[in-house]
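Chemist: Pasting a structure here, questions to come.
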Amino acid sequence: MEIERILLSQRDFFTTQQTKSLAFRKMYLEKLKNLIISNEKMLYEAINKDFGKSEFDTFTTELSFILNDINYYIKNLKSLSKPKKVSTNLVNQLGSSRIYADPLGCILVIGAWNYPYQLSLSPVIAAMAAGNCCILKPSEIAENTMKAMAFIINQNFPPEYLYVYEGGIEETTALLTLKFDKIFFTGSTKIGKIVYKAAAEHLTPVTLELGGKSPAIVTQNANLEMAAKRIVWGKFLNAGQTCVAPDYLLVEETIQEQFLEMLRKYIKEFKYEPDSEQYTRIINQRNFQRLVRLIDQEKIYSGGNFDEEKLYIEPTILNPINWNDEIMQEEIFGPLLPVISFQSYNAALNSILELEKPLAAYLFTNNSEEKEIFTRKLSFGGGCINDTVMHLSNDHLPFGGVGSSGTGNYHGKYGFETFSHQKSVLEKATWGEPNIKYPPYSEKKLSWIKKFL
Ligand code: NAD
């Protein structure tokens, strides 16, 4: 298999030690940055062809992230890769202890289609910064963006260092039989399990960036106008095809009517219309059909229209929804917002606890006790108080899931650590060794050792 040959060449290349030099890493990070900038137009066109994403959205939610990542690593490469001196315990005196950020070797990155540039290239950039070779398998569902990345990278990078492998399920299945030093997967929980099992065969470590049902909770103590605006933006960005989008809304009964009115107002104000530039299309027919089936006509509060030819689904609020409605049984991943009201804040949180741990959670309130309970009680990958989605734009925060929403994390220094092994080295002086640890043992030695340890 051709890709096996490329992987073997990457293994050989990695053993030459070239990727470990900081100058090498910087050079190729700069190169990637320049290629992205000089091919910006082509990248916009490709994603627009795939699902009508606007230049504005592509820059703010994809390219700016990638460029920031590259700038961050170029700037911080030296400090991130510097061996860290740590203290040495008494029994290891006279000695010194260091932790080396050691590149893992050959990395496989499998990307998702919904933010195809960011979710494919951000992990690749972190892997490069940490000194690895890498094969990227973008999602074939966003075919044009996959081809654009392959075109840019495969023409400009040596395949023994970085290579984009175009392929679908069959190719990915074959790829997963090979031995990598790390697999970084972004996608659904279902496919995440397949990747995890395949990786186990080689004891390959994985980072799994998966999905789930992320709640947004609005209490009567929230700034309702701000909450409505931020929820509408986070939910309908990319037509709801965002892993950290609020999946469903829990709203306190006392403010439910007023709040739904505000949501409706902002949906109108943001002009998410069929021919609008700022509203993304549904990625394909299959997802379109799946989403349309989830619209319960009896429960449409606002929206509910769709156009199959344009793969357009209007931002839709469904109310009132129950926990056992079909839409609450799976991740929605589209522009449908089910609303469940609650009387007791604690009972609402308990209901979330009964579900799988979500990738994100959002709370809207100005009440400090409610904030405290939210952060202590719920387990979720990451989230915001009084905003949606924006936590992932702060690269000082690790980004990743927990439980069925994922394992491991990245962004900023966490990305660098994800693709490095923390190699511990204790260096001892060659003089002054007490004989106490060596046989033959005695009662006296033991009593000394007990004092020491
Ligand atoms: P997906 O799981 O269908 O596909 C992801 C990748 O897996 C693609 O590259 C695809 O080619 C590959 N793949 C698909 N079927 C496979 C199989 N049988 N064997 C091996 N590989 C296979 O996910 P998607 O539709 O691209 O993305 C949507 C999902 O991803 C949602 O659940 C969303 O929440 C999640 N997601 C998570 C994050 C995150 O950062 N945590 C980001 C984006 C999307």
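Every chain in the structure tokens takes a letter, A first, then B, and so on in the order presented; its residues are numbered from 1, and the ligands are numbered from 1 following the presented order.
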Report as JSON lines the residues of chain A within 9 Å of ligand 1, each with its shortest atom pair and distance in Å (one decimal), using only C-alpha atoms and all ligand atoms, ordered by chain and increasing residue number.

Modeler:
{"residue": "A:Val109", "atom": "CA", "partner": "ligand 1", "partner_atom_place_in_ligand_line": "9 (O)", "distance": 8.8}
{"residue": "A:Ile110", "atom": "CA", "partner": "ligand 1", "partner_atom_place_in_ligand_line": "9 (O)", "distance": 5.1}
{"residue": "A:Gly111", "atom": "CA", "partner": "ligand 1", "partner_atom_place_in_ligand_line": "9 (O)", "distance": 4.8}
{"residue": "A:Ala112", "atom": "CA", "partner": "ligand 1", "partner_atom_place_in_ligand_line": "26 (O)", "distance": 3.6}
{"residue": "A:Trp113", "atom": "CA", "partner": "ligand 1", "partner_atom_place_in_ligand_line": "26 (O)", "distance": 4.6}
{"residue": "A:Asn114", "atom": "CA", "partner": "ligand 1", "partner_atom_place_in_ligand_line": "43 (C)", "distance": 6.0}
{"residue": "A:Tyr115", "atom": "CA", "partner": "ligand 1", "partner_atom_place_in_ligand_line": "43 (C)", "distance": 6.7}
{"residue": "A:Pro116", "atom": "CA", "partner": "ligand 1", "partner_atom_place_in_ligand_line": "43 (C)", "distance": 8.5}
{"residue": "A:Leu119", "atom": "CA", "partner": "ligand 1", "partner_atom_place_in_ligand_line": "42 (C)", "distance": 6.5}
{"residue": "A:Lys137", "atom": "CA", "partner": "ligand 1", "partner_atom_place_in_ligand_line": "9 (O)", "distance": 6.1}
{"residue": "A:Pro138", "atom": "CA", "partner": "ligand 1", "partner_atom_place_in_ligand_line": "9 (O)", "distance": 5.1}
{"residue": "A:Ser139", "atom": "CA", "partner": "ligand 1", "partner_atom_place_in_ligand_line": "9 (O)", "distance": 3.6}
{"residue": "A:Glu140", "atom": "CA", "partner": "ligand 1", "partner_atom_place_in_ligand_line": "11 (O)", "distance": 5.6}
{"residue": "A:Ile141", "atom": "CA", "partner": "ligand 1", "partner_atom_place_in_ligand_line": "26 (O)", "distance": 7.0}
{"residue": "A:Ala142", "atom": "CA", "partner": "ligand 1", "partner_atom_place_in_ligand_line": "26 (O)", "distance": 8.5}
{"residue": "A:Gly167", "atom": "CA", "partner": "ligand 1", "partner_atom_place_in_ligand_line": "11 (O)", "distance": 6.9}
{"residue": "A:Gly168", "atom": "CA", "partner": "ligand 1", "partner_atom_place_in_ligand_line": "11 (O)", "distance": 4.7}
{"residue": "A:Ile169", "atom": "CA", "partner": "ligand 1", "partner_atom_place_in_ligand_line": "16 (C)", "distance": 4.6}
{"residue": "A:Glu170", "atom": "CA", "partner": "ligand 1", "partner_atom_place_in_ligand_line": "19 (N)", "distance": 7.3}
{"residue": "A:Glu171", "atom": "CA", "partner": "ligand 1", "partner_atom_place_in_ligand_line": "20 (C)", "distance": 8.0}
{"residue": "A:Thr172", "atom": "CA", "partner": "ligand 1", "partner_atom_place_in_ligand_line": "20 (C)", "distance": 4.9}
{"residue": "A:Thr173", "atom": "CA", "partner": "ligand 1", "partner_atom_place_in_ligand_line": "20 (C)", "distance": 4.9}
{"residue": "A:Ala174", "atom": "CA", "partner": "ligand 1", "partner_atom_place_in_ligand_line": "20 (C)", "distance": 8.5}
{"residue": "A:Leu175", "atom": "CA", "partner": "ligand 1", "partner_atom_place_in_ligand_line": "20 (C)", "distance": 8.6}
{"residue": "A:Leu176", "atom": "CA", "partner": "ligand 1", "partner_atom_place_in_ligand_line": "20 (C)", "distance": 7.4}
{"residue": "A:Phe185", "atom": "CA", "partner": "ligand 1", "partner_atom_place_in_ligand_line": "6 (C)", "distance": 7.1}
{"residue": "A:Thr186", "atom": "CA", "partner": "ligand 1", "partner_atom_place_in_ligand_line": "38 (C)", "distance": 5.2}
{"residue": "A:Gly187", "atom": "CA", "partner": "ligand 1", "partner_atom_place_in_ligand_line": "30 (O)", "distance": 3.1}
{"residue": "A:Ser188", "atom": "CA", "partner": "ligand 1", "partner_atom_place_in_ligand_line": "32 (O)", "distance": 3.5}
{"residue": "A:Thr189", "atom": "CA", "partner": "ligand 1", "partner_atom_place_in_ligand_line": "32 (O)", "distance": 6.1}
{"residue": "A:Lys190", "atom": "CA", "partner": "ligand 1", "partner_atom_place_in_ligand_line": "2 (O)", "distance": 6.5}
{"residue": "A:Ile191", "atom": "CA", "partner": "ligand 1", "partner_atom_place_in_ligand_line": "2 (O)", "distance": 4.6}
{"residue": "A:Gly192", "atom": "CA", "partner": "ligand 1", "partner_atom_place_in_ligand_line": "2 (O)", "distance": 6.5}
{"residue": "A:Ile194", "atom": "CA", "partner": "ligand 1", "partner_atom_place_in_ligand_line": "19 (N)", "distance": 6.2}
{"residue": "A:Val195", "atom": "CA", "partner": "ligand 1", "partner_atom_place_in_ligand_line": "20 (C)", "distance": 6.5}
{"residue": "A:Leu208", "atom": "CA", "partner": "ligand 1", "partner_atom_place_in_ligand_line": "41 (N)", "distance": 7.3}
{"residue": "A:Glu209", "atom": "CA", "partner": "ligand 1", "partner_atom_place_in_ligand_line": "41 (N)", "distance": 3.6}
{"residue": "A:Leu210", "atom": "CA", "partner": "ligand 1", "partner_atom_place_in_ligand_line": "41 (N)", "distance": 4.0}
{"residue": "A:Gly211", "atom": "CA", "partner": "ligand 1", "partner_atom_place_in_ligand_line": "34 (O)", "distance": 3.2}
{"residue": "A:Gly212", "atom": "CA", "partner": "ligand 1", "partner_atom_place_in_ligand_line": "34 (O)", "distance": 5.8}
{"residue": "A:Lys213", "atom": "CA", "partner": "ligand 1", "partner_atom_place_in_ligand_line": "34 (O)", "distance": 8.3}
{"residue": "A:Gln241", "atom": "CA", "partner": "ligand 1", "partner_atom_place_in_ligand_line": "33 (C)", "distance": 7.6}
{"residue": "A:Thr242", "atom": "CA", "partner": "ligand 1", "partner_atom_place_in_ligand_line": "43 (C)", "distance": 6.2}
{"residue": "A:Cys243", "atom": "CA", "partner": "ligand 1", "partner_atom_place_in_ligand_line": "34 (O)", "distance": 3.7}
{"residue": "A:Val244", "atom": "CA", "partner": "ligand 1", "partner_atom_place_in_ligand_line": "34 (O)", "distance": 7.0}
{"residue": "A:Ala245", "atom": "CA", "partner": "ligand 1", "partner_atom_place_in_ligand_line": "34 (O)", "distance": 8.7}
{"residue": "A:Glu331", "atom": "CA", "partner": "ligand 1", "partner_atom_place_in_ligand_line": "32 (O)", "distance": 6.8}
{"residue": "A:Ile332", "atom": "CA", "partner": "ligand 1", "partner_atom_place_in_ligand_line": "32 (O)", "distance": 8.7}
{"residue": "A:Phe333", "atom": "CA", "partner": "ligand 1", "partner_atom_place_in_ligand_line": "31 (C)", "distance": 6.7}
{"residue": "A:Leu359", "atom": "CA", "partner": "ligand 1", "partner_atom_place_in_ligand_line": "41 (N)", "distance": 6.6}
{"residue": "A:Gly381", "atom": "CA", "partner": "ligand 1", "partner_atom_place_in_ligand_line": "41 (N)", "distance": 8.8}
{"residue": "A:Phe399", "atom": "CA", "partner": "ligand 1", "partner_atom_place_in_ligand_line": "40 (O)", "distance": 7.7}
{"residue": "A:Gly400", "atom": "CA", "partner": "ligand 1", "partner_atom_place_in_ligand_line": "41 (N)", "distance": 6.1}
{"residue": "A:Gly401", "atom": "CA", "partner": "ligand 1", "partner_atom_place_in_ligand_line": "41 (N)", "distance": 6.3}
{"residue": "A:Ser405", "atom": "CA", "partner": "ligand 1", "partner_atom_place_in_ligand_line": "41 (N)", "distance": 6.8}
{"residue": "A:Gly406", "atom": "CA", "partner": "ligand 1", "partner_atom_place_in_ligand_line": "41 (N)", "distance": 6.7}

Chemist: Taking only range 67-180 of chain A into account, list the residues labelled alpha helix (DSSP H) by DSSP (computed from the backbone), as an MDAnalysis selection string.

Modeler: chainID A and resid 67:81 116:129 143:156 169:175

Chemist: Which residues are close to His396 in chain A, i.e. within 9 Å by only C-alpha atoms, leaving aside same-chain residues fewer than 6 positions away? Reply as a PyMOL selection string.

Modeler: chain A and resi 411-414

Chemist: Output C-alpha atoms of each residue in that selection to a file, as a PDB file, in the first residue's frame.

Modeler:
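And here is the file that came out, again15.pdb:
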ATOM      1  CA  HIS A 411      -4.510  24.130  21.950  1.00  0.00           C
ATOM      2  CA  GLY A 412      -1.479  26.191  22.979  1.00  0.00           C
ATOM      3  CA  LYS A 413       0.932  24.444  25.303  1.00  0.00           C
ATOM      4  CA  TYR A 414      -1.538  21.581  25.748  1.00  0.00           C
TER       5      TYR A 414
END

Chemist: Choose the residue, out of A:Thr145, A:Ser393, A:Gln256, A:Thr375, that has the smallest atom-to-atom separation from Ala361 in chain A; count only C-alpha atoms.

Modeler: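 Going through A:Thr145, A:Ser393, A:Gln256, A:Thr375 one by one, the smallest distance to Ala361 in chain A is for A:Thr375.
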
Chemist: From a backbone DSSP assignment, name each residue in range 311-401 of chain A labelled strand (DSSP E or B), as a CSV table (one decimal) with all heavy atoms, in the first residue's frame.

Modeler:
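File selection.csv, as written:
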chain,number,residue,atom,x,y,z
A,312,TYR,N,-30.8,24.0,2.8
A,312,TYR,CA,-31.0,25.1,3.8
A,312,TYR,C,-32.0,24.6,4.8
A,312,TYR,O,-33.1,24.1,4.5
A,312,TYR,CB,-31.5,26.3,3.1
A,312,TYR,CG,-32.1,27.4,4.0
A,312,TYR,CD1,-31.3,28.3,4.6
A,312,TYR,CD2,-33.5,27.4,4.3
A,312,TYR,CE1,-31.8,29.3,5.5
A,312,TYR,CE2,-34.0,28.4,5.1
A,312,TYR,CZ,-33.2,29.3,5.7
A,312,TYR,OH,-33.7,30.3,6.6
A,313,ILE,N,-31.7,24.8,6.1
A,313,ILE,CA,-32.7,24.5,7.1
A,313,ILE,C,-32.7,25.8,8.0
A,313,ILE,O,-31.7,26.3,8.5
A,313,ILE,CB,-32.4,23.3,8.0
A,313,ILE,CG1,-32.4,22.0,7.2
A,313,ILE,CG2,-33.4,23.2,9.2
A,313,ILE,CD1,-32.1,20.8,7.9
A,316,THR,N,-34.3,26.9,13.9
A,316,THR,CA,-35.6,26.4,14.4
A,316,THR,C,-35.6,26.2,15.9
A,316,THR,O,-34.7,25.5,16.4
A,316,THR,CB,-36.0,25.1,13.6
A,316,THR,OG1,-36.1,25.3,12.2
A,316,THR,CG2,-37.3,24.5,14.1
A,317,ILE,N,-36.6,26.8,16.5
A,317,ILE,CA,-36.7,26.5,18.0
A,317,ILE,C,-37.9,25.6,18.2
A,317,ILE,O,-39.0,25.8,17.7
A,317,ILE,CB,-36.9,27.9,18.7
A,317,ILE,CG1,-35.7,28.8,18.5
A,317,ILE,CG2,-37.2,27.6,20.2
A,317,ILE,CD1,-35.9,30.2,19.1
A,318,LEU,N,-37.7,24.6,19.0
A,318,LEU,CA,-38.7,23.6,19.2
A,318,LEU,C,-39.1,23.7,20.7
A,318,LEU,O,-38.2,23.5,21.6
A,318,LEU,CB,-38.2,22.2,18.9
A,318,LEU,CG,-37.9,22.0,17.4
A,318,LEU,CD1,-37.0,20.8,17.1
A,318,LEU,CD2,-39.2,21.9,16.5
A,336,LEU,N,-31.3,23.2,14.9
A,336,LEU,CA,-32.5,22.9,15.6
A,336,LEU,C,-32.2,23.1,17.1
A,336,LEU,O,-31.3,22.4,17.7
A,336,LEU,CB,-33.0,21.5,15.4
A,336,LEU,CG,-33.0,21.1,13.9
A,336,LEU,CD1,-33.5,19.6,13.8
A,336,LEU,CD2,-33.9,22.0,13.0
A,337,LEU,N,-33.0,23.9,17.8
A,337,LEU,CA,-32.8,24.2,19.2
A,337,LEU,C,-34.0,23.7,20.0
A,337,LEU,O,-35.0,24.5,20.1
A,337,LEU,CB,-32.5,25.7,19.5
A,337,LEU,CG,-32.2,26.1,20.9
A,337,LEU,CD1,-30.9,25.4,21.4
A,337,LEU,CD2,-32.0,27.6,21.0
A,338,PRO,N,-33.9,22.6,20.7
A,338,PRO,CA,-35.0,22.2,21.6
A,338,PRO,C,-34.9,22.9,22.9
A,338,PRO,O,-33.8,23.1,23.4
A,338,PRO,CB,-34.8,20.6,21.7
A,338,PRO,CG,-33.4,20.4,21.3
A,338,PRO,CD,-32.8,21.6,20.6
A,339,VAL,N,-36.1,23.2,23.4
A,339,VAL,CA,-36.1,24.0,24.7
A,339,VAL,C,-36.9,23.2,25.7
A,339,VAL,O,-38.0,22.7,25.5
A,339,VAL,CB,-36.8,25.3,24.5
A,339,VAL,CG1,-36.8,26.1,25.8
A,339,VAL,CG2,-36.1,26.1,23.4
A,340,ILE,N,-36.2,23.0,26.9
A,340,ILE,CA,-36.9,22.3,28.0
A,340,ILE,C,-36.9,23.3,29.2
A,340,ILE,O,-35.9,23.9,29.4
A,340,ILE,CB,-36.1,21.0,28.4
A,340,ILE,CG1,-36.0,20.1,27.3
A,340,ILE,CG2,-36.7,20.4,29.7
A,340,ILE,CD1,-35.2,18.8,27.6
A,341,SER,N,-38.1,23.5,29.8
A,341,SER,CA,-38.1,24.4,30.9
A,341,SER,C,-37.9,23.7,32.2
A,341,SER,O,-38.1,22.5,32.3
A,341,SER,CB,-39.4,25.2,30.9
A,341,SER,OG,-40.5,24.3,31.2
A,342,PHE,N,-37.4,24.5,33.2
A,342,PHE,CA,-37.2,23.8,34.6
A,342,PHE,C,-37.7,24.8,35.6
A,342,PHE,O,-37.8,26.0,35.5
A,342,PHE,CB,-35.8,23.5,34.8
A,342,PHE,CG,-34.8,24.6,34.9
A,342,PHE,CD1,-34.6,25.3,36.0
A,342,PHE,CD2,-34.1,25.0,33.7
A,342,PHE,CE1,-33.7,26.4,36.1
A,342,PHE,CE2,-33.2,26.1,33.8
A,342,PHE,CZ,-33.0,26.7,35.0
A,360,ALA,N,-19.3,20.3,25.9
A,360,ALA,CA,-19.3,21.7,26.4
A,360,ALA,C,-20.6,21.9,27.3
A,360,ALA,O,-21.5,21.1,27.2
A,360,ALA,CB,-19.3,22.7,25.3
A,361,ALA,N,-20.6,22.9,28.1
A,361,ALA,CA,-21.8,23.3,28.9
A,361,ALA,C,-21.7,24.8,29.1
A,361,ALA,O,-20.6,25.4,29.2
A,361,ALA,CB,-21.8,22.5,30.2
A,362,TYR,N,-22.9,25.4,29.0
A,362,TYR,CA,-23.0,26.9,29.1
A,362,TYR,C,-24.0,27.2,30.2
A,362,TYR,O,-25.1,26.7,30.2
A,362,TYR,CB,-23.3,27.5,27.8
A,362,TYR,CG,-22.4,27.0,26.7
A,362,TYR,CD1,-22.8,26.1,25.7
A,362,TYR,CD2,-21.1,27.4,26.7
A,362,TYR,CE1,-21.9,25.7,24.7
A,362,TYR,CE2,-20.2,27.0,25.7
A,362,TYR,CZ,-20.6,26.1,24.7
A,362,TYR,OH,-19.7,25.7,23.8
A,363,LEU,N,-23.6,28.2,31.0
A,363,LEU,CA,-24.6,28.7,32.0
A,363,LEU,C,-24.7,30.2,31.9
A,363,LEU,O,-23.7,30.9,31.8
A,363,LEU,CB,-24.1,28.3,33.4
A,363,LEU,CG,-24.9,29.0,34.6
A,363,LEU,CD1,-26.3,28.4,34.7
A,363,LEU,CD2,-24.2,28.9,35.9
A,364,PHE,N,-25.9,30.6,31.9
A,364,PHE,CA,-26.2,32.1,31.8
A,364,PHE,C,-26.9,32.5,33.2
A,364,PHE,O,-28.0,32.1,33.4
A,364,PHE,CB,-27.1,32.4,30.6
A,364,PHE,CG,-26.3,32.3,29.3
A,364,PHE,CD1,-26.2,31.1,28.7
A,364,PHE,CD2,-25.6,33.4,28.8
A,364,PHE,CE1,-25.5,30.9,27.6
A,364,PHE,CE2,-24.9,33.3,27.6
A,364,PHE,CZ,-24.8,32.0,27.0
A,382,GLY,N,-15.4,21.4,28.5
A,382,GLY,CA,-15.0,22.8,28.8
A,382,GLY,C,-16.3,23.6,28.5
A,382,GLY,O,-17.3,23.1,27.9
A,383,GLY,N,-16.3,24.9,28.9
A,383,GLY,CA,-17.5,25.6,28.7
A,383,GLY,C,-17.4,27.1,29.0
A,383,GLY,O,-16.2,27.6,29.2
A,384,CYS,N,-18.5,27.8,29.2
A,384,CYS,CA,-18.5,29.2,29.5
A,384,CYS,C,-19.6,29.5,30.5
A,384,CYS,O,-20.6,28.8,30.5
A,384,CYS,CB,-18.8,30.1,28.3
A,384,CYS,SG,-17.8,29.8,26.8
A,385,ILE,N,-19.3,30.5,31.2
A,385,ILE,CA,-20.4,31.2,32.0
A,385,ILE,C,-20.7,32.5,31.3
A,385,ILE,O,-19.8,33.3,31.1
A,385,ILE,CB,-20.0,31.4,33.5
A,385,ILE,CG1,-19.8,30.0,34.1
A,385,ILE,CG2,-21.0,32.2,34.2
A,385,ILE,CD1,-19.3,30.0,35.5
A,399,PHE,N,-8.3,22.3,25.3
A,399,PHE,CA,-9.6,22.0,24.7
A,399,PHE,C,-9.7,20.5,24.4
A,399,PHE,O,-8.9,19.9,23.8
A,399,PHE,CB,-9.7,22.8,23.3
A,399,PHE,CG,-11.0,22.4,22.6
A,399,PHE,CD1,-12.2,22.8,23.1
A,399,PHE,CD2,-11.0,21.7,21.4
A,399,PHE,CE1,-13.4,22.5,22.4
A,399,PHE,CE2,-12.1,21.3,20.8
A,399,PHE,CZ,-13.4,21.7,21.3

Chemist: Kindly indicate which residue among A:Leu32, A:Phe51, A:Leu291, A:Pro103 lies nearest to Gln17 in chain A, using only C-alpha atoms for the distances.

Modeler: A:Pro103

Chemist: Rank A:Asn409, A:Thr16, A:Thr430, A:Ser379 by their smallest atom-to-atom distance to Pro215 in chain A, using only C-alpha atoms, and report the top residue only.

Modeler: A:Ser379

Chemist: Ranking A:Gly234, A:Pro440, A:Gly52, A:Pro358 by minimum distance to Tyr279 in chain A and counting only C-alpha atoms, which one comes first?

Modeler: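 Among the listed residues, the smallest separation from Tyr279 in chain A belongs to A:Gly52.
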
Chemist: Determine the nearest neighbour of Lys41 in chain A from the options A:Ala148, A:Tyr161, A:Ala216, A:Ala130, counting only C-alpha atoms.

Modeler: A:Ala148

Chemist: Restricting the calculation to only C-alpha atoms, which member of A:Lys445, A:Lys85, A:Lys33, A:Lys268 is positioned closest to Val425 in chain A?

Modeler: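 The shortest atom-to-atom distance to Val425 in chain A comes from A:Lys85.
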
Chemist: Just give me the gap between CA of Ser214 in chain A and CA of Ser54 in chain A in Å, one decimal is fine.

Modeler: 25.0 Å

Chemist: Could you list, as JSON, numbers by chain, every residue within 6 Å of Cys134 in chain A, counting only C-alpha atoms and ignoring same-chain residues fewer than 3 positions away?

Modeler: {"A": [106, 107, 108, 162]}

Chemist: Take CA of Gly334 in chain A and CA of Arg281 in chain A and report the distance between them in Å, one decimal.

Modeler: 9.7 Å
